[in-house]
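Next comes query.txt, a file with compact mmCIF, C-alpha atoms and all ligand atoms.
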# COMPACT_ATOMS: atom_id res chain seq x y z
CA MET F 21 90.79 27.87 262.16
CA ASN F 22 88.62 26.01 264.65
CA THR F 23 87.69 28.64 267.21
CA THR F 24 86.08 27.36 270.41
CA VAL F 25 83.43 29.21 272.42
CA MET F 26 86.04 30.03 275.07
CA GLN F 27 88.24 31.68 272.43
CA LEU F 28 85.54 34.04 271.12
CA PRO F 29 86.42 37.70 271.76
CA GLU F 30 84.47 39.13 274.70
CA GLU F 31 84.24 42.52 273.00
CA GLU F 32 80.67 43.37 271.94
CA TYR F 33 80.07 45.74 269.02
CA ILE F 34 76.25 45.74 269.21
CA LEU F 35 75.08 47.83 272.15
CA PRO F 36 72.11 46.66 274.24
CA GLY F 37 68.81 47.69 272.66
CA THR F 38 68.43 47.65 268.88
CA ARG F 39 65.46 48.26 266.59
CA ALA F 40 65.48 44.72 265.15
CA CYS F 41 62.56 42.40 265.93
CA SER F 42 62.95 40.23 269.01
CA GLY F 43 64.62 36.92 268.22
CA CYS F 44 66.07 38.27 264.95
CA GLY F 45 68.51 35.89 263.22
CA LEU F 46 70.30 38.87 261.72
CA SER F 47 71.08 40.33 265.17
CA LEU F 48 72.62 37.03 266.21
CA ALA F 49 74.66 36.58 263.02
CA TYR F 50 75.77 40.22 263.11
CA ARG F 51 77.05 39.84 266.67
CA TYR F 52 79.47 37.10 265.56
CA ILE F 53 80.36 38.85 262.30
CA LEU F 54 81.40 41.99 264.19
CA LYS F 55 83.35 39.99 266.77
CA ALA F 56 85.30 38.42 263.90
CA LEU F 57 85.87 41.79 262.19
CA GLY F 58 87.08 43.65 265.28
CA ASP F 59 87.27 47.43 265.46
CA LYS F 60 89.39 47.99 262.35
CA ALA F 61 86.45 47.67 259.98
CA ILE F 62 84.46 50.23 258.00
CA LEU F 63 80.96 49.17 257.05
CA THR F 64 78.73 50.25 254.20
CA ILE F 65 75.09 49.19 254.33
CA PRO F 66 72.09 49.91 252.08
CA ALA F 67 68.44 50.26 253.11
CA SER F 68 67.40 47.05 254.88
CA CYS F 69 66.61 45.51 258.27
CA LEU F 70 70.26 46.12 259.09
CA THR F 71 69.92 49.91 258.79
CA VAL F 72 66.92 49.60 261.10
CA LEU F 73 69.07 47.60 263.54
CA HIS F 74 71.74 50.31 263.39
CA GLY F 75 69.16 52.92 264.42
CA LEU F 76 68.26 56.48 263.52
CA TYR F 77 70.82 59.29 263.53
CA PRO F 78 72.04 60.64 265.95
CA SER F 79 71.81 57.42 267.96
CA THR F 80 73.10 54.02 266.90
CA SER F 81 73.34 50.54 268.39
CA VAL F 82 76.60 49.60 266.63
CA ARG F 83 80.10 50.66 267.69
CA LEU F 84 81.69 50.76 264.25
CA THR F 85 81.97 53.33 261.47
CA ASN F 86 79.11 52.81 259.06
CA ILE F 87 77.98 54.51 255.87
CA ASN F 88 74.31 54.24 254.93
CA THR F 89 74.38 53.94 251.18
CA ALA F 90 71.70 53.81 248.47
CA PHE F 91 70.05 50.45 247.79
CA ALA F 92 71.94 49.55 244.61
CA THR F 93 75.33 50.87 245.63
CA THR F 94 76.82 48.74 248.43
CA ALA F 95 79.74 47.38 246.39
CA ALA F 96 80.28 50.72 244.58
CA SER F 97 80.37 52.50 247.93
CA ALA F 98 82.84 49.91 249.28
CA THR F 99 85.01 50.44 246.20
CA GLY F 100 85.09 54.17 246.97
CA ILE F 101 86.06 53.55 250.60
CA VAL F 102 88.85 51.18 249.49
CA ALA F 103 90.17 53.87 247.11
CA ALA F 104 89.97 56.57 249.82
CA LEU F 105 91.87 54.42 252.35
CA LYS F 106 94.52 53.71 249.75
CA ALA F 107 94.89 57.43 249.00
CA LEU F 108 95.29 58.09 252.74
CA GLY F 109 97.84 55.29 253.07
CA LYS F 110 95.72 53.44 255.65
CA THR F 111 96.28 49.72 255.22
CA ASP F 112 94.92 48.24 258.45
CA TYR F 113 91.17 48.51 257.78
CA THR F 114 88.82 45.87 256.41
CA VAL F 115 86.15 47.39 254.17
CA VAL F 116 82.87 45.50 254.49
CA GLY F 117 79.69 45.83 252.44
CA ILE F 118 76.70 44.16 254.10
CA ALA F 119 73.33 43.88 252.43
CA GLY F 120 70.17 41.77 252.47
CA ASP F 121 69.29 39.34 249.70
CA GLY F 122 67.16 41.97 247.95
CA GLY F 123 70.09 44.39 248.04
CA THR F 124 72.43 41.66 246.78
CA PHE F 125 70.68 39.12 244.54
CA ASP F 126 68.49 41.72 242.82
CA ILE F 127 69.19 45.41 243.07
CA GLY F 128 72.88 45.36 244.08
CA ILE F 129 74.11 42.63 241.74
CA GLN F 130 75.46 44.96 239.05
CA ALA F 131 77.75 46.92 241.39
CA LEU F 132 78.75 43.71 243.18
CA SER F 133 79.60 41.90 239.94
CA ALA F 134 81.63 44.90 238.75
CA ALA F 135 83.59 45.09 242.03
CA ALA F 136 84.21 41.32 241.98
CA GLU F 137 85.36 41.47 238.37
CA ARG F 138 87.93 44.10 239.42
CA ASN F 139 88.77 41.92 242.46
CA THR F 140 88.30 44.99 244.67
CA ASP F 141 89.88 44.37 248.06
CA PHE F 142 86.79 44.13 250.27
CA LEU F 143 84.51 41.70 252.06
CA TYR F 144 80.88 41.48 250.98
CA ILE F 145 78.41 39.81 253.33
CA CYS F 146 74.91 39.03 252.13
CA TYR F 147 72.56 38.26 254.98
CA ASP F 148 69.92 36.17 253.31
CA ASN F 149 66.50 36.22 254.99
CA GLU F 150 64.99 35.18 251.65
CA GLY F 151 62.82 38.22 251.05
CA TYR F 152 62.47 41.99 251.27
CA MET F 153 61.63 41.81 254.96
CA ASN F 154 62.09 45.43 256.00
CA THR F 155 59.31 46.56 253.67
CA GLY F 156 56.83 43.79 254.47
CA THR F 157 57.98 40.42 253.09
CA GLN F 158 58.04 40.82 249.32
CA ARG F 159 59.65 38.04 247.23
CA SER F 160 63.24 38.35 246.11
CA SER F 161 65.20 36.05 243.80
CA ALA F 162 66.51 34.43 247.01
CA THR F 163 63.02 33.35 248.11
CA PRO F 164 62.67 29.57 247.84
CA MET F 165 60.15 27.94 245.54
CA GLY F 166 56.83 27.29 247.31
CA ALA F 167 57.06 30.23 249.74
CA HIS F 168 54.17 32.61 250.26
CA THR F 169 55.15 36.29 250.29
CA THR F 170 53.04 39.42 249.89
CA THR F 171 54.00 39.50 246.19
CA THR F 172 53.62 35.74 245.68
CA PRO F 173 50.22 35.19 247.32
CA THR F 174 49.82 31.81 245.61
CA THR F 175 53.46 30.83 246.38
CA LYS F 176 56.66 31.45 244.44
CA ILE F 177 57.14 29.33 241.33
CA GLU F 178 60.85 29.87 240.68
CA HIS F 179 63.70 28.29 242.64
CA LYS F 180 66.15 30.34 244.67
CA LYS F 181 68.91 31.97 242.62
CA ASP F 182 72.34 30.43 243.25
CA MET F 183 74.16 33.61 244.21
CA LEU F 184 77.13 31.75 245.70
CA ALA F 185 77.72 30.00 242.36
CA ILE F 186 77.44 33.35 240.55
CA MET F 187 80.05 34.87 242.85
CA GLU F 188 82.31 31.83 242.55
CA ALA F 189 82.12 32.15 238.76
CA HIS F 190 83.81 35.56 239.10
CA GLY F 191 86.94 33.70 240.17
CA ILE F 192 87.25 35.65 243.43
CA PRO F 193 89.55 34.26 246.14
CA TYR F 194 86.95 33.41 248.78
CA VAL F 195 83.27 32.39 248.73
CA ALA F 196 81.45 30.85 251.69
CA SER F 197 78.02 30.12 253.12
CA ALA F 198 77.26 30.27 256.84
CA SER F 199 74.48 30.26 259.44
CA PRO F 200 73.96 31.88 262.86
CA ALA F 201 72.83 28.44 264.07
CA TYR F 202 76.52 27.48 263.71
CA PRO F 203 78.16 30.64 265.06
CA LEU F 204 81.72 29.29 265.34
CA ASP F 205 81.69 28.22 261.68
CA LEU F 206 80.38 31.72 260.81
CA PHE F 207 82.99 33.42 263.01
CA ASP F 208 85.85 31.39 261.49
CA LYS F 209 84.73 32.15 257.94
CA VAL F 210 84.60 35.90 258.54
CA LYS F 211 88.00 35.76 260.27
CA GLU F 212 89.43 33.77 257.39
CA ALA F 213 87.96 36.18 254.84
CA ARG F 214 89.56 39.11 256.67
CA THR F 215 93.03 37.72 256.00
CA ILE F 216 92.53 37.34 252.23
CA GLN F 217 93.20 40.04 249.64
CA GLY F 218 90.67 40.73 246.89
CA THR F 219 86.90 40.30 246.82
CA ARG F 220 85.50 37.92 249.41
CA PHE F 221 81.83 36.93 249.51
CA ILE F 222 79.97 35.29 252.40
CA GLN F 223 76.26 34.52 252.32
CA VAL F 224 74.58 33.94 255.67
CA ASN F 225 71.24 32.19 256.06
CA ILE F 226 69.00 34.32 258.30
CA PRO F 227 65.85 32.71 259.73
CA CYS F 228 63.32 35.56 260.12
CA ALA F 229 60.41 34.87 262.47
CA PRO F 230 57.88 37.42 261.13
CA GLY F 231 58.80 36.87 257.46
CA TRP F 232 58.89 33.07 257.56
CA GLY F 233 56.18 32.54 260.19
CA PHE F 234 57.67 30.66 263.14
CA PRO F 235 57.82 31.33 266.91
CA THR F 236 60.88 33.44 267.80
CA GLU F 237 62.20 30.77 270.18
CA ASP F 238 62.59 28.39 267.19
CA LEU F 239 65.28 30.52 265.51
CA ILE F 240 68.15 28.09 266.08
CA LYS F 241 65.93 25.08 265.39
CA LEU F 242 65.08 26.59 261.98
CA GLY F 243 68.73 27.35 261.20
CA LYS F 244 69.76 23.80 262.08
CA MET F 245 66.88 22.20 260.21
CA ALA F 246 67.80 24.21 257.08
CA VAL F 247 71.26 22.57 257.18
CA ASP F 248 69.97 19.11 258.17
CA THR F 249 67.64 19.07 255.16
CA ALA F 250 70.31 20.59 252.82
CA MET F 251 68.01 23.52 252.09
CA TRP F 252 71.10 25.41 253.26
CA VAL F 253 74.56 23.88 252.78
CA LEU F 254 77.65 25.03 254.69
CA TYR F 255 80.75 25.26 252.50
CA GLU F 256 83.63 27.43 251.39
CA VAL F 257 85.63 27.85 248.19
CA LYS F 258 89.10 29.18 248.93
CA ALA F 259 91.39 29.94 245.99
CA GLY F 260 89.19 27.66 243.88
CA SER F 261 89.30 24.76 246.36
CA PHE F 262 85.88 23.57 247.55
CA ARG F 263 85.05 21.99 250.91
CA LEU F 264 81.93 21.33 252.90
CA THR F 265 82.24 22.63 256.46
CA GLY F 266 80.73 22.03 259.90
CA ARG F 267 77.45 20.19 260.06
CA SER F 268 77.21 19.76 256.26
CA ARG F 269 80.62 18.11 256.29
CA SER F 270 79.52 15.72 259.07
CA ILE F 271 76.36 14.80 257.15
CA ALA F 272 78.44 14.12 254.02
CA ARG F 273 80.75 11.82 256.00
CA ARG F 274 78.29 9.70 257.92
CA GLY F 275 74.78 10.89 257.71
CA GLN F 276 71.74 11.50 255.66
CA ASN F 277 69.77 14.63 255.03
CA LYS F 278 66.34 14.91 256.62
CA PRO F 279 63.35 15.24 254.24
CA VAL F 280 62.67 18.89 253.31
CA GLY F 281 59.08 18.46 254.54
CA GLN F 282 60.41 18.55 258.13
CA TYR F 283 61.79 22.04 257.47
CA LEU F 284 58.77 23.28 255.52
CA LYS F 285 56.22 22.29 258.14
CA LEU F 286 57.85 24.55 260.75
CA GLN F 287 56.99 27.70 258.73
CA GLU F 288 53.78 29.50 257.84
CA ARG F 289 55.20 30.66 254.50
CA PHE F 290 55.11 27.10 253.11
CA ARG F 291 51.55 26.34 254.30
CA GLN F 292 50.06 26.49 250.79
CA MET F 293 52.53 24.08 249.20
CA THR F 294 51.01 21.06 247.49
CA PRO F 295 52.56 17.55 247.87
CA GLU F 296 53.69 17.85 244.22
CA GLN F 297 55.53 21.10 244.96
CA THR F 298 57.19 19.51 248.01
CA ASP F 299 58.35 16.56 245.86
CA HIS F 300 59.65 18.97 243.24
CA LEU F 301 61.60 20.93 245.85
CA GLN F 302 62.99 17.70 247.34
CA THR F 303 64.28 16.63 243.91
CA TRP F 304 65.90 20.04 243.41
CA VAL F 305 67.57 19.83 246.86
CA ASP F 306 68.73 16.22 246.28
CA GLN F 307 70.30 17.04 242.91
CA ARG F 308 72.06 20.07 244.35
CA TRP F 309 73.35 18.06 247.33
CA GLU F 310 74.66 15.37 244.96
CA ARG F 311 76.68 18.02 243.10
CA PHE F 312 78.09 19.29 246.40
CA LEU F 313 79.03 15.74 247.43
CA GLN F 314 80.86 15.16 244.16
CA ARG F 315 82.84 18.38 244.56
CA HIS F 316 83.59 17.55 248.19
CA GLN F 317 84.86 14.04 247.38
CA VAL F 318 87.07 15.35 244.63
CA SER F 319 88.59 17.94 246.95
CA ASP F 320 88.71 15.93 250.23
C1 LIG A 1 65.96 52.30 245.23
C2 LIG A 1 65.12 51.86 246.39
N1 LIG A 1 64.04 51.09 246.17
C3 LIG A 1 63.27 50.67 247.21
C4 LIG A 1 63.58 51.04 248.49
C5 LIG A 1 62.71 50.59 249.63
N2 LIG A 1 63.31 49.56 250.44
C6 LIG A 1 64.01 49.84 251.56
S1 LIG A 1 64.55 48.49 252.37
C7 LIG A 1 63.83 47.49 251.21
C8 LIG A 1 63.89 45.99 251.37
C9 LIG A 1 65.29 45.47 251.50
O1 LIG A 1 65.28 44.08 251.33
P1 LIG A 1 66.61 43.25 251.56
O2 LIG A 1 67.72 43.85 250.83
O3 LIG A 1 66.32 41.83 251.28
O4 LIG A 1 66.90 43.45 253.11
P2 LIG A 1 65.92 43.11 254.36
O5 LIG A 1 64.91 44.18 254.40
O6 LIG A 1 65.33 41.78 254.13
O7 LIG A 1 66.83 43.18 255.53
C10 LIG A 1 63.20 48.22 250.21
C11 LIG A 1 62.45 47.64 249.07
C12 LIG A 1 64.72 51.86 248.69
N3 LIG A 1 65.11 52.23 249.91
N4 LIG A 1 65.47 52.25 247.63
S1 LIG A 2 62.02 41.34 259.74
FE1 LIG A 2 63.29 39.50 260.10
S2 LIG A 2 65.41 40.03 259.54
FE2 LIG A 2 64.23 41.95 259.73
S3 LIG A 2 64.60 42.66 261.85
FE3 LIG A 2 62.71 41.42 261.88
S4 LIG A 2 63.38 39.31 262.36
FE4 LIG A 2 65.20 40.49 261.72

Here is the file; what I need is its structure written in the form of structure tokens.
Amino acid sequence: MNTTVMQLPEEEYILPGTRACSGCGLSLAYRYILKALGDKAILTIPASCLTVLHGLYPSTSVRLTNINTAFATTAASATGIVAALKALGKTDYTVVGIAGDGGTFDIGIQALSAAAERNTDFLYICYDNEGYMNTGTQRSSATPMGAHTTTTPTTKIEHKKDMLAIMEAHGIPYVASASPAYPLDLFDKVKEARTIQGTRFIQVNIPCAPGWGFPTEDLIKLGKMAVDTAMWVLYEVKAGSFRLTGRSRSIARRGQNKPVGQYLKLQERFRQMTPEQTDHLQTWVDQRWERFLQRHQVSD
């Protein structure tokens, strides 16, 4: 699939006026995710910025059926919805669990791993703003090394957990990374995932102005710089076959990643990083990129 802007559905599923911050990367990503899902989707969402975006009962800003579930239970809740639809003989719905990185990498991982191990027929989307943003920017295991958060006041020491690799290791049929800075790539991946049976996992990078410390108008610049520096790599693994996609694919073919320092300097959260920490992060990124390149060449 290579959808063009002109081919995007005109239907909007987010109504004007939400409770998300202005310039929220999640709002933008969600708009394209819902366009790709269409109206035959049932969502289940735990406590997060996304429940805030959806609004307070009895009003909502989203035109799809949604269950607000407990923090640890997104994938368990999705499993229940899948079973209920099966019992009712309804086969035309896509069941979608959507959670933040805290609700995925940390507190929701047990239910998610269990559902993936059973190859439950649902799509799980992790929107990864690299912290517990809804409750005031605490660190999660998705927070990158060197970032200041309210629970890492002298910066985080550990590197970001590789959740995509963990999900791939479950042997599920579809795993992909995406970014709202590349909305057509994101749209195509969600559309592709819809057509596949079994557990599908997509992780979307979400630049978050208040949590990361950048001016709201720089949202797309941040998303693009994350990919240009390989802090975020666009790829998919379909039925075990790996390929870089979009901008990451172009860089692999005829380009070079920008130094991570260019990405770090755009954000307040990295202000305390020492030159040694930056070098350390660059080495980590370079080694990871090299592994991606090797997989890409083997599969290309
Ligand atoms: C069991 C439980 N613990 C803590 C909370 C409080 N809480 C609500 S949202 C949230 C942060 C969610 O972080 P994440 O999943 O990364 O989503 P984001 O807020 O970044 O969108 C927390 C800690 C809760 N609702 N339930
Ligand atoms: S804190 Fe970040 S992710 Fe959450 S609504 Fe605000 S901009 Fe969006």

Considering all atoms listed in the file, tabulate each residue of chain F that lies at most 10 Å from ligand LIG 1 (chain A) along with its nearest interatomic pair and the corresponding distance in Å to one decimal; arrange the rows by chain and ascending residue number and present them as JSON lines.
{"residue": "F:Ala40", "atom": "CA", "partner": "A:LIG1", "partner_atom": "O7", "distance": 9.8}
{"residue": "F:Leu46", "atom": "CA", "partner": "A:LIG1", "partner_atom": "O7", "distance": 8.3}
{"residue": "F:Ile65", "atom": "CA", "partner": "A:LIG1", "partner_atom": "O2", "distance": 9.8}
{"residue": "F:Pro66", "atom": "CA", "partner": "A:LIG1", "partner_atom": "O2", "distance": 7.6}
{"residue": "F:Ala67", "atom": "CA", "partner": "A:LIG1", "partner_atom": "S1", "distance": 4.3}
{"residue": "F:Ser68", "atom": "CA", "partner": "A:LIG1", "partner_atom": "O5", "distance": 3.8}
{"residue": "F:Cys69", "atom": "CA", "partner": "A:LIG1", "partner_atom": "O7", "distance": 3.6}
{"residue": "F:Leu70", "atom": "CA", "partner": "A:LIG1", "partner_atom": "O7", "distance": 5.8}
{"residue": "F:Thr71", "atom": "CA", "partner": "A:LIG1", "partner_atom": "O7", "distance": 8.1}
{"residue": "F:Val72", "atom": "CA", "partner": "A:LIG1", "partner_atom": "O7", "distance": 8.5}
{"residue": "F:Leu73", "atom": "CA", "partner": "A:LIG1", "partner_atom": "O7", "distance": 9.4}
{"residue": "F:Thr89", "atom": "CA", "partner": "A:LIG1", "partner_atom": "N3", "distance": 9.5}
{"residue": "F:Ala90", "atom": "CA", "partner": "A:LIG1", "partner_atom": "N4", "distance": 6.5}
{"residue": "F:Phe91", "atom": "CA", "partner": "A:LIG1", "partner_atom": "N4", "distance": 4.9}
{"residue": "F:Ala92", "atom": "CA", "partner": "A:LIG1", "partner_atom": "C1", "distance": 6.6}
{"residue": "F:Thr93", "atom": "CA", "partner": "A:LIG1", "partner_atom": "C1", "distance": 9.5}
{"residue": "F:Ile118", "atom": "CA", "partner": "A:LIG1", "partner_atom": "O2", "distance": 9.6}
{"residue": "F:Ala119", "atom": "CA", "partner": "A:LIG1", "partner_atom": "O2", "distance": 5.8}
{"residue": "F:Gly120", "atom": "CA", "partner": "A:LIG1", "partner_atom": "O2", "distance": 3.6}
{"residue": "F:Asp121", "atom": "CA", "partner": "A:LIG1", "partner_atom": "O3", "distance": 4.2}
{"residue": "F:Gly122", "atom": "CA", "partner": "A:LIG1", "partner_atom": "O3", "distance": 3.4}
{"residue": "F:Gly123", "atom": "CA", "partner": "A:LIG1", "partner_atom": "O2", "distance": 3.7}
{"residue": "F:Thr124", "atom": "CA", "partner": "A:LIG1", "partner_atom": "O2", "distance": 6.6}
{"residue": "F:Phe125", "atom": "CA", "partner": "A:LIG1", "partner_atom": "O2", "distance": 8.4}
{"residue": "F:Asp126", "atom": "CA", "partner": "A:LIG1", "partner_atom": "O2", "distance": 8.3}
{"residue": "F:Ile127", "atom": "CA", "partner": "A:LIG1", "partner_atom": "C1", "distance": 7.9}
{"residue": "F:Gly128", "atom": "CA", "partner": "A:LIG1", "partner_atom": "O2", "distance": 8.6}
{"residue": "F:Cys146", "atom": "CA", "partner": "A:LIG1", "partner_atom": "O2", "distance": 8.8}
{"residue": "F:Tyr147", "atom": "CA", "partner": "A:LIG1", "partner_atom": "O7", "distance": 7.6}
{"residue": "F:Asp148", "atom": "CA", "partner": "A:LIG1", "partner_atom": "O3", "distance": 7.0}
{"residue": "F:Asn149", "atom": "CA", "partner": "A:LIG1", "partner_atom": "O6", "distance": 5.7}
{"residue": "F:Glu150", "atom": "CA", "partner": "A:LIG1", "partner_atom": "O3", "distance": 6.8}
{"residue": "F:Gly151", "atom": "CA", "partner": "A:LIG1", "partner_atom": "O3", "distance": 5.0}
{"residue": "F:Tyr152", "atom": "CA", "partner": "A:LIG1", "partner_atom": "O1", "distance": 3.5}
{"residue": "F:Met153", "atom": "CA", "partner": "A:LIG1", "partner_atom": "O6", "distance": 3.8}
{"residue": "F:Asn154", "atom": "CA", "partner": "A:LIG1", "partner_atom": "O5", "distance": 3.5}
{"residue": "F:Thr155", "atom": "CA", "partner": "A:LIG1", "partner_atom": "C8", "distance": 5.2}
{"residue": "F:Gly156", "atom": "CA", "partner": "A:LIG1", "partner_atom": "C8", "distance": 8.0}
{"residue": "F:Thr157", "atom": "CA", "partner": "A:LIG1", "partner_atom": "O6", "distance": 7.5}
{"residue": "F:Gln158", "atom": "CA", "partner": "A:LIG1", "partner_atom": "C8", "distance": 8.1}
{"residue": "F:Arg159", "atom": "CA", "partner": "A:LIG1", "partner_atom": "O3", "distance": 8.7}
{"residue": "F:Ser160", "atom": "CA", "partner": "A:LIG1", "partner_atom": "O3", "distance": 7.0}
{"residue": "F:Ser161", "atom": "CA", "partner": "A:LIG1", "partner_atom": "O3", "distance": 9.5}
{"residue": "F:Ala162", "atom": "CA", "partner": "A:LIG1", "partner_atom": "O3", "distance": 8.5}
{"residue": "F:Thr163", "atom": "CA", "partner": "A:LIG1", "partner_atom": "O3", "distance": 9.6}
{"residue": "F:Ile226", "atom": "CA", "partner": "A:LIG1", "partner_atom": "O6", "distance": 9.3}
{"residue": "F:Cys228", "atom": "CA", "partner": "A:LIG1", "partner_atom": "O6", "distance": 8.9}
{"residue": "F:Gly231", "atom": "CA", "partner": "A:LIG1", "partner_atom": "O6", "distance": 8.8}

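In this structure, CA of Asn139 (chain F) sits 6.5 Å away from CA of Ile192 (chain F).
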
Next on the checklist: Can you measure CA of Thr303 (chain F) to CA of Gln317 (chain F) for me? One decimal in Å is fine.
Outcome noted: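 According to the coordinates, CA of Thr303 (chain F) and CA of Gln317 (chain F) are separated by 21.0 Å.
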
Next on the checklist: Residues within 6 Å of Leu132 (chain F), please, as number ranges by chain. Count all atoms listed in the file; anything in the same chain fewer than 3 positions from it doesn't count.
Outcome noted: F: 95, 129, 135

Checklist entry - How many Å separate CA of Asp205 (chain F) from CA of Glu31 (chain F)? => result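 Interatomic distance, CA of Asp205 (chain F) to CA of Glu31 (chain F): 18.4 Å.
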
As lines of an AutoDock Vina configuration file: centre and edge lengths in Å, one decimal, of the axis-aligned box holding region 217-236 of chain F with 4 Å per side:
center_x = 74.7
center_y = 35.7
center_z = 257.3
size_x = 45.0
size_y = 18.1
size_z = 29.0

Next on the checklist: Using only C-alpha atoms for the distances, tell me which of F:Leu76, F:Ile240, F:Leu63, F:Val195 is nearest to Gly100 (chain F).
Outcome noted: F:Leu63

Checklist entry - Between F:Asn225, F:Gln287, F:Ser97, F:Ser81, which is the closest to ligand LIG 2 (chain A) once you count all atoms listed in the file? => result F:Asn225

Item to check | Among listed residues F:Val25, F:Arg83, F:Thr140, F:Pro235, nearest ligand LIG 2 (chain A) (using only C-alpha atoms and all ligand atoms) | outcome: F:Pro235

Next on the checklist: Between F:Met165, F:Leu35, F:Leu239, F:Val257, which residue has the minimum interatomic distance to Phe312 (chain F), considering all atoms listed in the file?
Outcome noted: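 Ranked by minimum distance to Phe312 (chain F), first place goes to F:Val257.
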
Item to check | Exercise: residues within 12 Å of coordinate (71.1, 8.4, 252.1), counting all atoms listed in the file, as an MDAnalysis selection string | outcome: chainID F and resid 249 271:279 306 309:310 313

Item to check | Spatial neighbours of Pro295 (chain F), 12 Å, all atoms listed in the file, chain gap at least 2 places, as a list in words | outcome: Gly166, Val280, Gly281, Leu284, Lys285, Phe290, Arg291, Gln292, Met293, Gln297, Thr298, Asp299, His300, Leu301 and Gln302 of chain F

Checklist entry - Which one is closest to His190 (chain F): F:His74, F:Lys110, F:Arg220, F:Arg51? Count only C-alpha atoms. => result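 Checking each of F:His74, F:Lys110, F:Arg220, F:Arg51 against His190 (chain F), counting only C-alpha atoms, the winner is F:Arg220.
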
Item to check | Selection as a PyMOL selection string: residues within 8 Å of (82.6, 44.7, 252.3), counting all atoms listed in the file | outcome: chain F and resi 63-64+95+98+114-118+142-145+220

Next on the checklist: From the options F:Ile222, F:Leu84, F:Ala213, F:Ala229, which residue's atoms come nearest to ligand LIG 2 (chain A), counting all atoms listed in the file?
Outcome noted: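 The closest residue to ligand LIG 2 (chain A) is F:Ala229.
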
Item to check | Who sits within 8 Å of Pro164 (chain F), all atoms listed in the file, same chain under 5 positions skipped, as a list in words | outcome: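 Once the adjacent positions are removed, what remains is Glu150, Lys176, Glu178, His179 and Lys180 of chain F.
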
Emit the selected residues as a compact mmCIF listing (two decimals), in the frame of the given file, including C-alpha atoms.
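File written: result.txt
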# COMPACT_ATOMS: atom_id res chain seq x y z
CA GLU F 150 64.99 35.18 251.65
CA LYS F 176 56.66 31.45 244.44
CA GLU F 178 60.85 29.87 240.68
CA HIS F 179 63.70 28.29 242.64
CA LYS F 180 66.15 30.34 244.67

Export: region 148-192 of chain F, C-alpha atoms, as an mmCIF file, in the first residue's frame:
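Resulting contents of out-v2.cif:
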data_model
loop_
_atom_site.group_PDB
_atom_site.id
_atom_site.type_symbol
_atom_site.label_atom_id
_atom_site.label_comp_id
_atom_site.auth_asym_id
_atom_site.auth_seq_id
_atom_site.Cartn_x
_atom_site.Cartn_y
_atom_site.Cartn_z
ATOM 1 C CA ASP F 148 4.853 6.136 22.845
ATOM 2 C CA ASN F 149 5.368 9.618 24.284
ATOM 3 C CA GLU F 150 8.229 8.198 26.360
ATOM 4 C CA GLY F 151 6.817 8.861 29.802
ATOM 5 C CA TYR F 152 3.759 8.878 32.052
ATOM 6 C CA MET F 153 2.631 12.224 30.669
ATOM 7 C CA ASN F 154 -0.964 12.350 31.891
ATOM 8 C CA THR F 155 0.165 12.295 35.515
ATOM 9 C CA GLY F 156 3.017 14.788 35.190
ATOM 10 C CA THR F 157 5.947 13.326 33.216
ATOM 11 C CA GLN F 158 7.226 10.415 35.278
ATOM 12 C CA ARG F 159 9.796 8.070 33.690
ATOM 13 C CA SER F 160 8.688 4.853 32.057
ATOM 14 C CA SER F 161 10.829 2.071 30.615
ATOM 15 C CA ALA F 162 10.284 3.790 27.243
ATOM 16 C CA THR F 163 12.006 6.995 28.392
ATOM 17 C CA PRO F 164 15.354 7.392 26.624
ATOM 18 C CA MET F 165 18.629 7.466 28.506
ATOM 19 C CA GLY F 166 19.638 11.020 29.452
ATOM 20 C CA ALA F 167 16.092 12.411 29.752
ATOM 21 C CA HIS F 168 14.999 14.458 32.737
ATOM 22 C CA THR F 169 11.605 13.474 34.150
ATOM 23 C CA THR F 170 10.004 14.240 37.505
ATOM 24 C CA THR F 171 11.176 10.825 38.757
ATOM 25 C CA THR F 172 14.625 11.059 37.139
ATOM 26 C CA PRO F 173 15.636 14.567 38.259
ATOM 27 C CA THR F 174 19.301 13.872 37.458
ATOM 28 C CA THR F 175 18.410 12.173 34.131
ATOM 29 C CA LYS F 176 17.532 8.566 33.331
ATOM 30 C CA ILE F 177 20.436 6.129 33.369
ATOM 31 C CA GLU F 178 18.880 3.163 31.546
ATOM 32 C CA HIS F 179 18.264 2.938 27.806
ATOM 33 C CA LYS F 180 14.779 2.669 26.341
ATOM 34 C CA LYS F 181 13.296 -0.838 26.459
ATOM 35 C CA ASP F 182 13.003 -2.444 23.015
ATOM 36 C CA MET F 183 9.294 -3.222 23.127
ATOM 37 C CA LEU F 184 9.064 -3.859 19.381
ATOM 38 C CA ALA F 185 11.716 -6.582 19.671
ATOM 39 C CA ILE F 186 9.859 -8.087 22.636
ATOM 40 C CA MET F 187 6.637 -8.213 20.634
ATOM 41 C CA GLU F 188 8.413 -9.610 17.587
ATOM 42 C CA ALA F 189 9.859 -12.366 19.777
ATOM 43 C CA HIS F 190 6.280 -13.545 20.415
ATOM 44 C CA GLY F 191 6.170 -14.602 16.769
ATOM 45 C CA ILE F 192 3.045 -12.543 16.045
#
